[in-house]
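*Asks:* Once you've had a glance at the structure underneath, I'll fire off some questions.
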Amino acid sequence: MFVDSVEIFVSSGKGGEGAVSFRREKFVLNGGPDGGDGGKGGNIYFQIDRNTDTLSHFRGHKCFKAQNGQPGQSRNKHGKKGDDLVIVVPPGTQIFEEDKLLLDLLEEKDKILFLEGGKGGLGNTHFKSATNQRPTYAQKGLLGIEKKIRLELKLIADVGLVGFPNVGKSTLVSILSNAKPEIANYEFTTLIPSLGIVNVSDYQSFVIADIPGIIGGASEGKGLGLEFLRHIERTRFLLFVLDLANYRTLEEQFTTLKAELECFSLELTKRPFGIMFSKLDTQSESLAEESSAESQGHQKRILEFLKTFGFHLEKNEHSASFVQKNRRDFGVDYDLSIPLFALGVSSVSGENLESLRFLLYSCLKDFNV
Ligand SMILES: Nc1nc2c(ncn2[C@@H]2O[C@H](COP(=O)(O)OP(=O)(O)OP(=O)(O)O)[C@@H](O)[C@H]2O)c(=O)[nH]1
Ligand SMILES: [Mg+2]
């Protein structure tokens, strides 16, 4: 569990002032008071919108103020009411002032009133009396309410990264998301899981979990063990990170990881998954001395490796990825025993990062349970 939180200022509108005015007309001497009332200030509402799942649109926009009421005018004209302001938040957002929970926004329903706008002041007409027929007094509008609040959204990871140590998991998270995990060229840099939010558009994002590396025998306690897999038990999708520059072959990495996951929980092995081949930019050892394009060696290894899944993955025409034929079109589900997609990526050169972001997001949409 991880919490995204933003601090913002909200204030409802101030009420407009009442007017001090007297009737002026031809042939009417000393007309009575006719100052109109000020308009009410705008309210602040919260509204839950299921189409958004992130607080990221609050970053860079910190002050939310509803409009003030307009002042009253002569001839008993009332000032216009200030416009309300509706703040849209994803379901599950909690609103705190200091540490006090003010609102818990779970269910999508009509907008919820949070701060009421200030009342408009009364014009001087209201103050005439038998003893004071020319009141020169009108009320000022009441001030709006100002609050500094914190919005919090509890997140559960959507995508969990699974890979050997030092394969570039944290680097990927640091580039795709807002998280800043520690990165270093040695094994077991990451000791505790952390989460990052990957923005897809202004209102859409998903959460990716960076966890420590897994090695063969982890289920018996080798390396950091498997206890931390608890953190990705509830993710909807797993991304296996297989390192192209590792001394272990792709097959060895994949089968070991699969076997270790199985030891931890059978549930996890039934989860839909994709494969990312990391460090695509590195020189391929086998072809280093040849003059052909450096990534060709990697391509060959990737193709060789993908053969283990039979011929169910086909090259996507528009990107470098290999994807399962979209069998949902024919009413048949994906085959979850093989990857939904496989793609070579370099976090250093940025190659195919956008395709990866898109593939992850579209897989999550397909498995939106
Ligand atoms: N050339 C190249 N190097 C990379 C790439 N991604 C990561 N690295 C390097 O690989 C090393 C390990 O990266 P990390 O992101 O710390 O790896 P990790 O999988 O999080 O490792 P652990 O936390 O130990 O499990 C670092 O030196 C990175 O700079 C890449 O795409 N290309
Ligand atoms: Mg790491």
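Convention: chains lettered A, B, ... in structure tokens order; per-chain residue numbering from 1; ligands numbered from 1 as shown.
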DSSP on the backbone: which residues in stretch 61-122 of chain A end up as strand (DSSP E or B)? Give the answer as a PyMOL selection string.
*Replies:* chain A and resi 63-65+73+77+85-89+93-97+100-105+112-115
*Asks:* Write to file, as a JSON list (two decimals), in the first residue's frame, the residues of the selection just made, with N, CA and C atoms.
*Replies:*
```
[["chain", "number", "residue", "atom", "x", "y", "z"],
["A", 63, "CYS", "N", -4.19, 26.31, -5.84],
["A", 63, "CYS", "CA", -5.21, 27.15, -5.22],
["A", 63, "CYS", "C", -6.53, 27.01, -5.96],
["A", 64, "PHE", "N", -7.58, 26.71, -5.22],
["A", 64, "PHE", "CA", -8.89, 26.56, -5.82],
["A", 64, "PHE", "C", -9.84, 27.53, -5.12],
["A", 65, "LYS", "N", -10.32, 28.51, -5.85],
["A", 65, "LYS", "CA", -11.14, 29.54, -5.23],
["A", 65, "LYS", "C", -12.43, 29.70, -6.02],
["A", 73, "GLN", "N", -26.79, 46.71, -6.16],
["A", 73, "GLN", "CA", -26.80, 47.98, -6.88],
["A", 73, "GLN", "C", -28.05, 48.78, -6.53],
["A", 77, "LYS", "N", -31.44, 46.40, -7.09],
["A", 77, "LYS", "CA", -30.91, 45.29, -7.89],
["A", 77, "LYS", "C", -29.95, 44.47, -7.02],
["A", 85, "LEU", "N", -17.46, 26.24, -7.49],
["A", 85, "LEU", "CA", -16.31, 25.53, -8.06],
["A", 85, "LEU", "C", -16.42, 24.05, -7.69],
["A", 86, "VAL", "N", -16.34, 23.19, -8.69],
["A", 86, "VAL", "CA", -16.43, 21.76, -8.43],
["A", 86, "VAL", "C", -15.05, 21.15, -8.64],
["A", 87, "ILE", "N", -14.54, 20.50, -7.61],
["A", 87, "ILE", "CA", -13.21, 19.87, -7.71],
["A", 87, "ILE", "C", -13.40, 18.38, -7.95],
["A", 88, "VAL", "N", -12.84, 17.88, -9.02],
["A", 88, "VAL", "CA", -13.04, 16.48, -9.40],
["A", 88, "VAL", "C", -11.91, 15.62, -8.84],
["A", 89, "VAL", "N", -12.28, 14.55, -8.14],
["A", 89, "VAL", "CA", -11.27, 13.67, -7.56],
["A", 89, "VAL", "C", -11.60, 12.21, -7.88],
["A", 93, "THR", "N", -10.58, 8.98, -2.60],
["A", 93, "THR", "CA", -9.82, 10.13, -2.10],
["A", 93, "THR", "C", -10.31, 10.52, -0.71],
["A", 94, "GLN", "N", -9.37, 10.78, 0.17],
["A", 94, "GLN", "CA", -9.74, 11.27, 1.51],
["A", 94, "GLN", "C", -9.23, 12.68, 1.65],
["A", 95, "ILE", "N", -10.01, 13.48, 2.39],
["A", 95, "ILE", "CA", -9.62, 14.88, 2.55],
["A", 95, "ILE", "C", -9.33, 15.16, 4.01],
["A", 96, "PHE", "N", -8.12, 15.61, 4.27],
["A", 96, "PHE", "CA", -7.68, 15.88, 5.63],
["A", 96, "PHE", "C", -7.38, 17.35, 5.82],
["A", 97, "GLU", "N", -7.68, 17.82, 7.05],
["A", 97, "GLU", "CA", -7.18, 19.12, 7.45],
["A", 97, "GLU", "C", -6.32, 18.83, 8.66],
["A", 100, "LYS", "N", -6.99, 15.62, 10.69],
["A", 100, "LYS", "CA", -8.39, 15.29, 10.88],
["A", 100, "LYS", "C", -9.04, 14.96, 9.54],
["A", 101, "LEU", "N", -9.70, 13.79, 9.52],
["A", 101, "LEU", "CA", -10.37, 13.39, 8.28],
["A", 101, "LEU", "C", -11.67, 14.15, 8.14],
["A", 102, "LEU", "N", -11.81, 14.91, 7.07],
["A", 102, "LEU", "CA", -13.03, 15.70, 6.87],
["A", 102, "LEU", "C", -14.02, 14.99, 5.96],
["A", 103, "LEU", "N", -13.51, 14.38, 4.90],
["A", 103, "LEU", "CA", -14.39, 13.70, 3.95],
["A", 103, "LEU", "C", -13.71, 12.44, 3.46],
["A", 104, "ASP", "N", -14.53, 11.43, 3.24],
["A", 104, "ASP", "CA", -14.02, 10.17, 2.69],
["A", 104, "ASP", "C", -14.84, 9.92, 1.43],
["A", 105, "LEU", "N", -14.25, 10.17, 0.29],
["A", 105, "LEU", "CA", -15.03, 10.13, -0.94],
["A", 105, "LEU", "C", -14.88, 8.78, -1.62],
["A", 112, "ILE", "N", -20.64, 16.93, -3.57],
["A", 112, "ILE", "CA", -20.77, 17.06, -2.11],
["A", 112, "ILE", "C", -20.30, 18.45, -1.71],
["A", 113, "LEU", "N", -21.15, 19.13, -0.96],
["A", 113, "LEU", "CA", -20.80, 20.49, -0.54],
["A", 113, "LEU", "C", -19.67, 20.43, 0.48],
["A", 114, "PHE", "N", -18.62, 21.17, 0.24],
["A", 114, "PHE", "CA", -17.49, 21.17, 1.17],
["A", 114, "PHE", "C", -17.41, 22.51, 1.91],
["A", 115, "LEU", "N", -17.38, 23.60, 1.19],
["A", 115, "LEU", "CA", -17.34, 24.92, 1.83],
["A", 115, "LEU", "C", -18.44, 25.80, 1.25]]
```
*Asks:* Which chain A residues have any atom within 10 Å of an atom of ligand 2, and for each, what is the nearest pair of atoms with distance in Å to one decimal, counting only C-alpha atoms and all ligand atoms, rows sorted by chain and number, as a tab-separated table?
*Replies:*
```
residue	atom	partner	partner_atom_place_in_ligand_line	distance
A:Gly163	CA	ligand 2	1 (Mg)	9.7
A:Phe164	CA	ligand 2	1 (Mg)	9.7
A:Pro165	CA	ligand 2	1 (Mg)	7.0
A:Asn166	CA	ligand 2	1 (Mg)	6.7
A:Val167	CA	ligand 2	1 (Mg)	8.1
A:Gly168	CA	ligand 2	1 (Mg)	6.8
A:Lys169	CA	ligand 2	1 (Mg)	5.5
A:Ser170	CA	ligand 2	1 (Mg)	4.1
A:Thr171	CA	ligand 2	1 (Mg)	7.2
A:Leu172	CA	ligand 2	1 (Mg)	9.2
A:Val173	CA	ligand 2	1 (Mg)	8.9
A:Ser174	CA	ligand 2	1 (Mg)	9.8
A:Pro181	CA	ligand 2	1 (Mg)	7.1
A:Glu182	CA	ligand 2	1 (Mg)	6.5
A:Ile183	CA	ligand 2	1 (Mg)	5.9
A:Ala184	CA	ligand 2	1 (Mg)	7.7
A:Asn185	CA	ligand 2	1 (Mg)	9.4
A:Tyr186	CA	ligand 2	1 (Mg)	9.2
A:Glu187	CA	ligand 2	1 (Mg)	8.1
A:Phe188	CA	ligand 2	1 (Mg)	6.6
A:Thr189	CA	ligand 2	1 (Mg)	5.1
A:Thr190	CA	ligand 2	1 (Mg)	3.9
A:Leu191	CA	ligand 2	1 (Mg)	7.6
A:Ile192	CA	ligand 2	1 (Mg)	8.9
A:Pro193	CA	ligand 2	1 (Mg)	8.7
A:Ser194	CA	ligand 2	1 (Mg)	9.5
A:Asp210	CA	ligand 2	1 (Mg)	6.8
A:Ile211	CA	ligand 2	1 (Mg)	6.8
A:Pro212	CA	ligand 2	1 (Mg)	5.9
A:Gly213	CA	ligand 2	1 (Mg)	7.0
```
*Asks:* Write to file, as an mmCIF file, in the first residue's frame, the residues of the selection just made, with C-alpha atoms.
*Replies:*
```
data_model
loop_
_atom_site.group_PDB
_atom_site.id
_atom_site.type_symbol
_atom_site.label_atom_id
_atom_site.label_comp_id
_atom_site.auth_asym_id
_atom_site.auth_seq_id
_atom_site.Cartn_x
_atom_site.Cartn_y
_atom_site.Cartn_z
ATOM 1 C CA GLY A 163 13.418 -10.013 -12.148
ATOM 2 C CA PHE A 164 16.876 -11.054 -11.033
ATOM 3 C CA PRO A 165 18.929 -8.445 -9.153
ATOM 4 C CA ASN A 166 20.726 -5.751 -11.153
ATOM 5 C CA VAL A 167 18.606 -6.177 -14.285
ATOM 6 C CA GLY A 168 17.347 -2.574 -14.335
ATOM 7 C CA LYS A 169 14.001 -2.745 -12.509
ATOM 8 C CA SER A 170 14.539 0.375 -10.414
ATOM 9 C CA THR A 171 15.958 2.245 -13.407
ATOM 10 C CA LEU A 172 12.781 1.493 -15.323
ATOM 11 C CA VAL A 173 10.576 2.683 -12.460
ATOM 12 C CA SER A 174 12.618 5.857 -12.062
ATOM 13 C CA PRO A 181 14.422 4.562 -6.170
ATOM 14 C CA GLU A 182 18.069 3.912 -5.545
ATOM 15 C CA ILE A 183 19.965 2.634 -8.579
ATOM 16 C CA ALA A 184 23.432 1.130 -8.593
ATOM 17 C CA ASN A 185 25.455 -1.379 -10.478
ATOM 18 C CA TYR A 186 25.435 -4.121 -7.885
ATOM 19 C CA GLU A 187 22.975 -6.786 -6.872
ATOM 20 C CA PHE A 188 20.324 -6.157 -4.237
ATOM 21 C CA THR A 189 20.367 -2.377 -4.451
ATOM 22 C CA THR A 190 16.670 -2.377 -3.733
ATOM 23 C CA LEU A 191 15.961 -3.752 -0.276
ATOM 24 C CA ILE A 192 12.410 -2.650 0.250
ATOM 25 C CA PRO A 193 9.600 -2.448 -2.290
ATOM 26 C CA SER A 194 8.499 0.954 -3.475
ATOM 27 C CA ASP A 210 9.622 -1.997 -7.747
ATOM 28 C CA ILE A 211 10.660 -4.937 -5.587
ATOM 29 C CA PRO A 212 13.997 -6.506 -4.710
ATOM 30 C CA GLY A 213 15.566 -8.957 -7.126
#
```
*Asks:* Can you work out the spacing between atom 4 (C, counted along the ligand's line) of ligand 1 and atom CA of A:Ser346 in Å, to one decimal?
*Replies:* 7.2 Å
*Asks:* Fewer than 3 positions away in the same chain doesn't count, so skip those; otherwise give me all residues within 10 Å of A:Asp4, counting only C-alpha atoms, as number ranges by chain.
*Replies:* A: 54-56, 93, 151-155, 195-197
*Asks:* Let me make sure I understand: among A:Ala179, A:Ile8, A:Met276, A:Val348, which one has the smallest atom-to-atom distance to ligand 1 if we use only C-alpha atoms and all ligand atoms?
*Replies:*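 For ligand 1, the nearest of the given residues is A:Val348.
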*Asks:* Considering only C-alpha atoms, tabulate each residue of stretch 206-293 of chain A that lies at most 8 Å from stretch 335-340 of chain A along with its nearest interatomic pair and the corresponding distance in Å to one decimal; arrange the rows by chain and ascending residue number and present them as JSON lines.
*Replies:*
```
{"residue": "A:Lys270", "atom": "CA", "partner": "A:Leu336", "partner_atom": "CA", "distance": 6.9}
{"residue": "A:Arg271", "atom": "CA", "partner": "A:Leu336", "partner_atom": "CA", "distance": 7.2}
{"residue": "A:Pro272", "atom": "CA", "partner": "A:Leu336", "partner_atom": "CA", "distance": 5.5}
{"residue": "A:Phe273", "atom": "CA", "partner": "A:Pro339", "partner_atom": "CA", "distance": 5.3}
{"residue": "A:Gly274", "atom": "CA", "partner": "A:Pro339", "partner_atom": "CA", "distance": 4.7}
{"residue": "A:Ile275", "atom": "CA", "partner": "A:Pro339", "partner_atom": "CA", "distance": 6.4}
```
*Asks:* Near stretch 244-256 of chain A, within 7 Å and counting only C-alpha atoms, which residues show up once chain neighbours fewer than 6 positions away are dropped, as a VMD selection string?
*Replies:* chain A and resid 216 277 to 280 282 298 305
*Asks:* Quick one, how far is atom CA of A:Asp158 from atom CA of A:Ala209?
*Replies:* 7.7 Å
*Asks:* Pick out the residues sitting within 7 Å of A:Thr235, and hand them over as a list in words; count only C-alpha atoms, and ignore anything fewer than 5 positions along from it in its own chain.
*Replies:*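 The neighbour list is Ala157, Asp158, Val159 and Gly160 of chain A.
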*Asks:* May I have the residues from that selection written out with N, CA and C atoms, as a short mmCIF file (atom, residue, chain, number, x, y, z; two decimals), in the first residue's frame?
*Replies:*
```
data_model
loop_
_atom_site.label_atom_id
_atom_site.label_comp_id
_atom_site.auth_asym_id
_atom_site.auth_seq_id
_atom_site.Cartn_x
_atom_site.Cartn_y
_atom_site.Cartn_z
N ALA A 157 -0.59 -1.46 -6.04
CA ALA A 157 0.13 -1.54 -7.30
C ALA A 157 -0.67 -2.29 -8.34
N ASP A 158 -0.61 -1.82 -9.58
CA ASP A 158 -1.26 -2.49 -10.69
C ASP A 158 -0.29 -3.45 -11.37
N VAL A 159 0.95 -3.01 -11.48
CA VAL A 159 1.96 -3.81 -12.17
C VAL A 159 3.10 -4.11 -11.19
N GLY A 160 3.48 -5.37 -11.07
CA GLY A 160 4.61 -5.75 -10.23
C GLY A 160 5.78 -6.18 -11.11
#
```
*Asks:* Quick one: of A:Thr131, A:Asn352, A:Thr136, A:Ser321, who's nearest to ligand 1, counting only C-alpha atoms and all ligand atoms?
*Replies:* A:Asn352
*Asks:* What is the atom CA of A:His312-atom CA of A:Leu176 distance in Å, reported with one decimal?
*Replies:*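 Computing it gives 28.3 Å between the two atoms.
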*Asks:* Would you pick out the contacts of A:Ser265 at 10 Å or less, using only C-alpha atoms, so that residues sharing its chain but fewer than 6 positions from it are not included, and give the list as a list of chain:residue names?
*Replies:*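 After dropping sequence-adjacent residues, the list is A:Leu229, A:Arg230, A:Glu233.
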*Asks:* Let me see the file: selected residues, C-alpha atoms, as a PDB file, in the first residue's frame.
*Replies:*
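Output file result.pdb is given in full below:
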```
ATOM      1  CA  LEU A 229       6.377 -10.758  -2.897  1.00  0.00           C
ATOM      2  CA  ARG A 230       3.460 -10.048  -0.567  1.00  0.00           C
ATOM      3  CA  GLU A 233       0.333 -10.347  -4.467  1.00  0.00           C
TER       4      GLU A 233
END
```
*Asks:* I need the residue nearest A:Lys315 from this list: A:Ser205, A:Asp333, A:Ala342, A:Ile232. Use only C-alpha atoms for the distance.
*Replies:*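 Comparing A:Ser205, A:Asp333, A:Ala342, A:Ile232 against A:Lys315, the winner is A:Ala342.
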